[in-house]
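Visitor: Input file: coords.pdb. Contents: PDB, C-alpha atoms.
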ATOM      1  CA  ARG H1263     -33.634  38.002 -31.881  1.00  0.00           C
ATOM      2  CA  SER H1264     -35.244  37.017 -35.146  1.00  0.00           C
ATOM      3  CA  SER H1265     -31.861  37.445 -36.849  1.00  0.00           C
ATOM      4  CA  ASP H1266     -30.292  35.128 -34.206  1.00  0.00           C
ATOM      5  CA  SER H1267     -32.894  32.442 -34.922  1.00  0.00           C
ATOM      6  CA  ALA H1268     -32.418  32.958 -38.679  1.00  0.00           C
ATOM      7  CA  MET H1269     -28.661  32.494 -38.256  1.00  0.00           C
ATOM      8  CA  ALA H1270     -29.211  29.313 -36.194  1.00  0.00           C
ATOM      9  CA  ALA H1271     -31.570  27.971 -38.883  1.00  0.00           C
ATOM     10  CA  ALA H1272     -28.994  28.789 -41.578  1.00  0.00           C
ATOM     11  CA  ARG H1273     -26.292  26.908 -39.663  1.00  0.00           C
ATOM     12  CA  ALA H1274     -28.578  23.857 -39.273  1.00  0.00           C
ATOM     13  CA  HIS H1275     -29.432  24.156 -42.978  1.00  0.00           C
ATOM     14  CA  ASP H1276     -25.727  24.089 -43.895  1.00  0.00           C
ATOM     15  CA  ASP H1277     -25.258  20.822 -41.979  1.00  0.00           C
ATOM     16  CA  HIS H1278     -27.199  18.933 -44.680  1.00  0.00           C
ATOM     17  CA  PRO H1279     -25.391  17.830 -47.859  1.00  0.00           C
ATOM     18  CA  VAL H1280     -26.530  19.346 -51.163  1.00  0.00           C
ATOM     19  CA  ALA H1281     -27.808  16.948 -53.831  1.00  0.00           C
ATOM     20  CA  PHE H1282     -27.967  19.249 -56.871  1.00  0.00           C
ATOM     21  CA  SER H1283     -25.005  20.611 -58.828  1.00  0.00           C
ATOM     22  CA  PRO H1284     -25.046  23.492 -61.320  1.00  0.00           C
ATOM     23  CA  ASP H1285     -21.960  21.979 -62.985  1.00  0.00           C
ATOM     24  CA  GLU H1286     -22.745  18.254 -63.103  1.00  0.00           C
ATOM     25  CA  TRP H1287     -25.647  16.136 -64.438  1.00  0.00           C
ATOM     26  CA  ARG H1288     -27.005  13.867 -61.667  1.00  0.00           C
ATOM     27  CA  PRO H1289     -29.726  11.152 -61.674  1.00  0.00           C
ATOM     28  CA  PHE H1290     -32.709  11.154 -59.300  1.00  0.00           C
ATOM     29  CA  PRO H1291     -35.277   8.317 -59.065  1.00  0.00           C
ATOM     30  CA  LEU H1292     -39.033   8.892 -59.217  1.00  0.00           C
ATOM     31  CA  VAL H1293     -40.693   7.774 -55.981  1.00  0.00           C
ATOM     32  CA  LYS H1294     -44.214   9.186 -56.337  1.00  0.00           C
ATOM     33  CA  LYS H1295     -46.491  10.434 -59.120  1.00  0.00           C
ATOM     34  CA  GLU H1296     -49.772  12.267 -58.448  1.00  0.00           C
ATOM     35  CA  GLN H1297     -52.283  13.658 -60.961  1.00  0.00           C
ATOM     36  CA  GLU H1298     -52.840  17.374 -60.229  1.00  0.00           C
ATOM     37  CA  THR H1299     -55.019  18.331 -63.205  1.00  0.00           C
ATOM     38  CA  PRO H1300     -56.082  16.522 -66.385  1.00  0.00           C
ATOM     39  CA  THR H1301     -52.778  17.599 -68.004  1.00  0.00           C
ATOM     40  CA  ALA H1302     -50.349  18.043 -65.078  1.00  0.00           C
ATOM     41  CA  CYS H1303     -48.756  15.684 -62.558  1.00  0.00           C
ATOM     42  CA  ARG H1304     -46.739  16.218 -59.385  1.00  0.00           C
ATOM     43  CA  PHE H1305     -43.556  14.142 -59.546  1.00  0.00           C
ATOM     44  CA  THR H1306     -41.613  13.425 -56.343  1.00  0.00           C
ATOM     45  CA  PHE H1307     -37.973  12.405 -56.796  1.00  0.00           C
ATOM     46  CA  ALA H1308     -35.668  11.002 -54.124  1.00  0.00           C
ATOM     47  CA  LEU H1309     -32.429  12.696 -53.156  1.00  0.00           C
ATOM     48  CA  PRO H1310     -29.392  10.486 -52.344  1.00  0.00           C
ATOM     49  CA  SER H1311     -30.411  10.228 -48.665  1.00  0.00           C
ATOM     50  CA  LEU H1312     -32.992  11.524 -46.213  1.00  0.00           C
ATOM     51  CA  GLU H1313     -30.332  13.966 -44.967  1.00  0.00           C
ATOM     52  CA  HIS H1314     -29.804  15.632 -48.358  1.00  0.00           C
ATOM     53  CA  ARG H1315     -31.407  18.898 -49.419  1.00  0.00           C
ATOM     54  CA  CYS H1316     -31.753  20.122 -53.001  1.00  0.00           C
ATOM     55  CA  GLY H1317     -29.468  23.118 -52.753  1.00  0.00           C
ATOM     56  CA  MET H1318     -32.069  25.431 -54.334  1.00  0.00           C
ATOM     57  CA  GLU H1319     -31.381  28.230 -51.868  1.00  0.00           C
ATOM     58  CA  ALA H1320     -32.325  31.030 -54.237  1.00  0.00           C
ATOM     59  CA  ALA H1321     -35.884  31.609 -55.283  1.00  0.00           C
ATOM     60  CA  ALA H1322     -36.382  32.358 -58.956  1.00  0.00           C
ATOM     61  CA  SER H1323     -34.119  29.493 -59.899  1.00  0.00           C
ATOM     62  CA  PHE H1324     -34.609  26.413 -62.054  1.00  0.00           C
ATOM     63  CA  VAL H1325     -33.061  23.083 -62.984  1.00  0.00           C
ATOM     64  CA  LEU H1326     -32.307  21.635 -66.401  1.00  0.00           C
ATOM     65  CA  VAL H1327     -33.620  18.138 -67.133  1.00  0.00           C
ATOM     66  CA  LYS H1328     -31.856  16.046 -69.785  1.00  0.00           C
ATOM     67  CA  ALA H1329     -32.955  12.854 -71.561  1.00  0.00           C
ATOM     68  CA  PRO H1330     -31.792  11.046 -74.751  1.00  0.00           C
ATOM     69  CA  ILE H1331     -35.230  11.323 -76.410  1.00  0.00           C
ATOM     70  CA  GLY H1332     -34.455  13.412 -79.480  1.00  0.00           C
ATOM     71  CA  PRO H1333     -33.884  12.202 -83.043  1.00  0.00           C
ATOM     72  CA  GLU H1334     -31.387   9.317 -83.096  1.00  0.00           C
ATOM     73  CA  GLY H1335     -31.177   9.410 -79.294  1.00  0.00           C
ATOM     74  CA  ALA H1336     -29.943  12.998 -79.101  1.00  0.00           C
ATOM     75  CA  ASP H1337     -30.207  14.687 -75.706  1.00  0.00           C
ATOM     76  CA  VAL H1338     -33.167  16.987 -75.179  1.00  0.00           C
ATOM     77  CA  ILE H1339     -32.756  19.562 -72.390  1.00  0.00           C
ATOM     78  CA  ARG H1340     -35.600  21.583 -70.854  1.00  0.00           C
ATOM     79  CA  PRO H1341     -35.795  23.945 -67.842  1.00  0.00           C
ATOM     80  CA  TYR H1342     -38.179  23.223 -64.972  1.00  0.00           C
ATOM     81  CA  THR H1343     -39.060  25.147 -61.820  1.00  0.00           C
ATOM     82  CA  HIS H1344     -39.080  23.054 -58.657  1.00  0.00           C
ATOM     83  CA  VAL H1345     -41.867  23.506 -56.128  1.00  0.00           C
ATOM     84  CA  SER H1346     -40.002  22.189 -53.067  1.00  0.00           C
ATOM     85  CA  ARG H1347     -38.502  24.400 -50.401  1.00  0.00           C
ATOM     86  CA  ASP H1348     -34.801  23.884 -49.789  1.00  0.00           C
ATOM     87  CA  ASP H1349     -35.366  23.000 -46.130  1.00  0.00           C
ATOM     88  CA  VAL H1350     -37.245  19.839 -47.176  1.00  0.00           C
ATOM     89  CA  LEU H1351     -34.944  16.842 -46.820  1.00  0.00           C
ATOM     90  CA  GLY H1352     -34.780  13.635 -48.852  1.00  0.00           C
ATOM     91  CA  PHE H1353     -36.855  14.570 -51.887  1.00  0.00           C
ATOM     92  CA  PHE H1354     -37.874  17.303 -54.322  1.00  0.00           C
ATOM     93  CA  VAL H1355     -41.003  17.911 -56.393  1.00  0.00           C
ATOM     94  CA  LEU H1356     -41.596  19.002 -59.978  1.00  0.00           C
ATOM     95  CA  VAL H1357     -45.059  19.746 -61.375  1.00  0.00           C
ATOM     96  CA  VAL H1358     -45.036  19.057 -65.104  1.00  0.00           C
ATOM     97  CA  LYS H1359     -47.771  19.813 -67.596  1.00  0.00           C
ATOM     98  CA  ARG H1360     -48.040  17.346 -70.476  1.00  0.00           C
ATOM     99  CA  TYR H1361     -48.047  18.974 -73.899  1.00  0.00           C
ATOM    100  CA  GLU H1362     -49.294  16.967 -76.868  1.00  0.00           C
ATOM    101  CA  HIS H1363     -46.052  17.358 -78.838  1.00  0.00           C
ATOM    102  CA  GLY H1364     -43.728  18.012 -75.890  1.00  0.00           C
ATOM    103  CA  LEU H1365     -40.830  15.570 -76.006  1.00  0.00           C
ATOM    104  CA  MET H1366     -39.689  16.157 -72.430  1.00  0.00           C
ATOM    105  CA  SER H1367     -43.107  16.547 -70.828  1.00  0.00           C
ATOM    106  CA  ASN H1368     -44.280  13.268 -72.421  1.00  0.00           C
ATOM    107  CA  HIS H1369     -41.038  11.582 -71.361  1.00  0.00           C
ATOM    108  CA  ILE H1370     -41.439  12.685 -67.736  1.00  0.00           C
ATOM    109  CA  HIS H1371     -45.115  11.653 -67.712  1.00  0.00           C
ATOM    110  CA  SER H1372     -44.111   8.201 -69.011  1.00  0.00           C
ATOM    111  CA  LEU H1373     -41.691   7.527 -66.120  1.00  0.00           C
ATOM    112  CA  ALA H1374     -42.464   4.610 -63.843  1.00  0.00           C
ATOM    113  CA  ILE H1375     -41.649   4.553 -60.144  1.00  0.00           C
ATOM    114  CA  GLY H1376     -37.897   3.894 -59.857  1.00  0.00           C
ATOM    115  CA  ASP H1377     -37.036   5.462 -63.226  1.00  0.00           C
ATOM    116  CA  CYS H1378     -34.588   8.370 -63.053  1.00  0.00           C
ATOM    117  CA  ILE H1379     -34.410  11.850 -64.449  1.00  0.00           C
ATOM    118  CA  THR H1380     -31.047  13.480 -64.987  1.00  0.00           C
ATOM    119  CA  LEU H1381     -30.716  17.102 -63.998  1.00  0.00           C
ATOM    120  CA  ARG H1382     -28.300  19.864 -63.241  1.00  0.00           C
ATOM    121  CA  GLY H1383     -28.862  23.093 -61.380  1.00  0.00           C
ATOM    122  CA  PRO H1384     -29.887  25.236 -59.742  1.00  0.00           C
ATOM    123  CA  LEU H1385     -29.484  28.058 -62.199  1.00  0.00           C
ATOM    124  CA  GLN H1386     -30.723  31.400 -60.950  1.00  0.00           C
ATOM    125  CA  LYS H1387     -33.115  33.527 -63.007  1.00  0.00           C
ATOM    126  CA  MET H1388     -33.402  36.576 -60.779  1.00  0.00           C
ATOM    127  CA  PRO H1389     -31.974  37.129 -57.309  1.00  0.00           C
ATOM    128  CA  ILE H1390     -34.487  38.144 -54.661  1.00  0.00           C
ATOM    129  CA  VAL H1391     -33.163  40.973 -52.538  1.00  0.00           C
ATOM    130  CA  PRO H1392     -35.279  41.458 -49.390  1.00  0.00           C
ATOM    131  CA  ASN H1393     -37.180  44.747 -49.293  1.00  0.00           C
ATOM    132  CA  ARG H1394     -35.822  45.856 -52.670  1.00  0.00           C
ATOM    133  CA  TRP H1395     -39.339  46.960 -53.639  1.00  0.00           C
ATOM    134  CA  ARG H1396     -42.365  47.998 -51.585  1.00  0.00           C
ATOM    135  CA  ARG H1397     -44.681  45.899 -53.737  1.00  0.00           C
ATOM    136  CA  ILE H1398     -44.427  43.435 -56.601  1.00  0.00           C
ATOM    137  CA  GLY H1399     -47.083  42.664 -59.210  1.00  0.00           C
ATOM    138  CA  MET H1400     -46.994  39.211 -60.813  1.00  0.00           C
ATOM    139  CA  LEU H1401     -48.881  38.107 -63.921  1.00  0.00           C
ATOM    140  CA  ALA H1402     -48.722  34.374 -64.631  1.00  0.00           C
ATOM    141  CA  ALA H1403     -50.343  32.131 -67.223  1.00  0.00           C
ATOM    142  CA  GLY H1404     -50.662  28.347 -67.013  1.00  0.00           C
ATOM    143  CA  THR H1405     -47.524  26.620 -65.769  1.00  0.00           C
ATOM    144  CA  GLY H1406     -45.821  30.042 -65.629  1.00  0.00           C
ATOM    145  CA  VAL H1407     -47.378  30.344 -62.186  1.00  0.00           C
ATOM    146  CA  LEU H1408     -44.667  28.044 -60.749  1.00  0.00           C
ATOM    147  CA  PRO H1409     -41.783  30.563 -60.891  1.00  0.00           C
ATOM    148  CA  MET H1410     -44.108  33.199 -59.409  1.00  0.00           C
ATOM    149  CA  PHE H1411     -45.197  30.765 -56.693  1.00  0.00           C
ATOM    150  CA  GLN H1412     -41.537  30.021 -55.912  1.00  0.00           C
ATOM    151  CA  MET H1413     -40.803  33.735 -55.514  1.00  0.00           C
ATOM    152  CA  ALA H1414     -43.931  34.334 -53.397  1.00  0.00           C
ATOM    153  CA  VAL H1415     -43.015  31.465 -51.035  1.00  0.00           C
ATOM    154  CA  ALA H1416     -39.519  32.923 -50.581  1.00  0.00           C
ATOM    155  CA  ILE H1417     -40.817  36.440 -49.942  1.00  0.00           C
ATOM    156  CA  LEU H1418     -43.640  35.394 -47.601  1.00  0.00           C
ATOM    157  CA  GLY H1419     -41.378  32.927 -45.763  1.00  0.00           C
ATOM    158  CA  ASN H1420     -38.864  35.596 -44.770  1.00  0.00           C
ATOM    159  CA  PRO H1421     -39.954  37.371 -41.544  1.00  0.00           C
ATOM    160  CA  GLU H1422     -37.562  40.254 -42.347  1.00  0.00           C
ATOM    161  CA  GLU H1423     -39.255  40.821 -45.749  1.00  0.00           C
ATOM    162  CA  HIS H1424     -41.995  43.462 -46.028  1.00  0.00           C
ATOM    163  CA  THR H1425     -42.682  43.468 -49.777  1.00  0.00           C
ATOM    164  CA  ALA H1426     -46.385  43.287 -50.675  1.00  0.00           C
ATOM    165  CA  ILE H1427     -47.328  40.840 -53.441  1.00  0.00           C
ATOM    166  CA  THR H1428     -50.219  40.903 -55.895  1.00  0.00           C
ATOM    167  CA  MET H1429     -50.544  37.966 -58.277  1.00  0.00           C
ATOM    168  CA  ILE H1430     -52.929  37.428 -61.167  1.00  0.00           C
ATOM    169  CA  SER H1431     -52.945  33.931 -62.629  1.00  0.00           C
ATOM    170  CA  VAL H1432     -54.896  32.878 -65.716  1.00  0.00           C
ATOM    171  CA  ASN H1433     -55.480  29.424 -67.196  1.00  0.00           C
ATOM    172  CA  VAL H1434     -57.332  27.836 -70.088  1.00  0.00           C
ATOM    173  CA  SER H1435     -59.640  26.011 -67.634  1.00  0.00           C
ATOM    174  CA  VAL H1436     -60.370  25.998 -63.927  1.00  0.00           C
ATOM    175  CA  ASP H1437     -58.485  22.670 -63.633  1.00  0.00           C
TER     176      ASP H1437
END
Kindly return the structure encoded in the file as C-alpha cells.
Guide:
Amino acid sequence: RSSDSAMAAARAHDDHPVAFSPDEWRPFPLVKKEQETPTACRFTFALPSLEHRCGMEAAASFVLVKAPIGPEGADVIRPYTHVSRDDVLGFFVLVVKRYEHGLMSNHIHSLAIGDCITLRGPLQKMPIVPNRWRRIGMLAAGTGVLPMFQMAVAILGNPEEHTAITMISVNVSVD
C-alpha cells in the first residue's frame, strides 16, 4: 500500500512543470531575504508560477549561480545547495554565507527584493540509492552542512528507507 501511495504522489508530482534546467541558464527573482546568522541569510526566490516545482528530484544535487561580477564584467559561477524540497511549489530557498572576499556571496547578499539570480541545474553530486547502506556517518563543517542536510531529508522522508544516519556538524561559533 505504501508503494501505491508513493506512486500516486509521484504522478501528482509529475503534473507540475519544472522550473530548473541543467542545460539552460534561467533567471529567478528574489522575493524574501531573512537573516539566519550574523554571516548567513536565507534567500527565497520565485519560480515562474505557483504551480512550478524546482526539479531537484535527486538529493545530493546542486545548482550553479552565474553573475557578471568578475573583472571587466566577466561571469563568475559558483555552486550552491538548495534547501527546498522538490514538492514545494512556487519558490525555492538558498542559504548563503557571506565571505569577506567572496564575489558571489557578497553579490547575492547585496540583492534587493525583485532582483534576479541566474542559475542552471540541478547537477547531481551523488545518487542516493535507498537501503544501499545500513548506516551512514556524516561529518560537516560550516555551510558544508547543507548538502548533508539535503541527503538526510531525502533519506528520512522516504518511508521505504531504513538507513540509519549519524551526523556531526562543527562551526566556528554557535551562531
Visitor: Could you pull the residues within 8 Å of range 1364-1367 of chain H, counting all atoms listed in the file, minus those fewer than 6 positions along the same chain, as a ChimeraX atom specification?
Guide: /H:1329,1331-1332,1338-1340,1358
Visitor: Which residues of range 1297-1386 of chain H come within 12 Å of range 1408-1417 of chain H, and for each one, what is the closest pair of atoms and their distance in Å to one decimal, counting only C-alpha atoms, sorted by chain and residue number, as a tab-separated table?
Guide:
residue	atom	partner	partner_atom	distance
H:Met1318	CA	H:Gln1412	CA	10.6
H:Glu1319	CA	H:Ala1416	CA	9.5
H:Ala1320	CA	H:Ala1416	CA	8.3
H:Ala1321	CA	H:Met1413	CA	5.4
H:Ala1322	CA	H:Met1413	CA	5.8
H:Ser1323	CA	H:Pro1409	CA	7.8
H:Phe1324	CA	H:Pro1409	CA	8.4
H:Val1325	CA	H:Pro1409	CA	11.7
H:Pro1341	CA	H:Pro1409	CA	11.3
H:Tyr1342	CA	H:Leu1408	CA	9.1
H:Thr1343	CA	H:Pro1409	CA	6.1
H:His1344	CA	H:Leu1408	CA	7.8
H:Val1345	CA	H:Gln1412	CA	6.5
H:Ser1346	CA	H:Gln1412	CA	8.5
H:Arg1347	CA	H:Val1415	CA	8.4
H:Asp1348	CA	H:Ala1416	CA	10.2
H:Asp1349	CA	H:Ala1416	CA	11.6
H:Val1355	CA	H:Leu1408	CA	11.6
H:Leu1356	CA	H:Leu1408	CA	9.6
H:Val1357	CA	H:Leu1408	CA	8.3
H:Val1358	CA	H:Leu1408	CA	10.0
H:Lys1359	CA	H:Leu1408	CA	11.1
H:Gln1386	CA	H:Pro1409	CA	11.1
Visitor: Do a neighbour search on range 1387-1397 of chain H at 6 Å with only C-alpha atoms, toss out local chain neighbours closer than 6 positions, and write the hits as a ChimeraX atom specification.
Guide: /H:1322-1323,1423-1427
Visitor: To one decimal in Å, tell me the separation between CA of Val1293 in chain H and CA of Pro1333 in chain H.
Guide: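 Result for CA of Val1293 in chain H versus CA of Pro1333 in chain H: 28.3 Å, one decimal.
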Visitor: To one decimal place, how far is CA of Ala1302 in chain H from CA of Val1280 in chain H in Å?
Guide: 27.6 Å
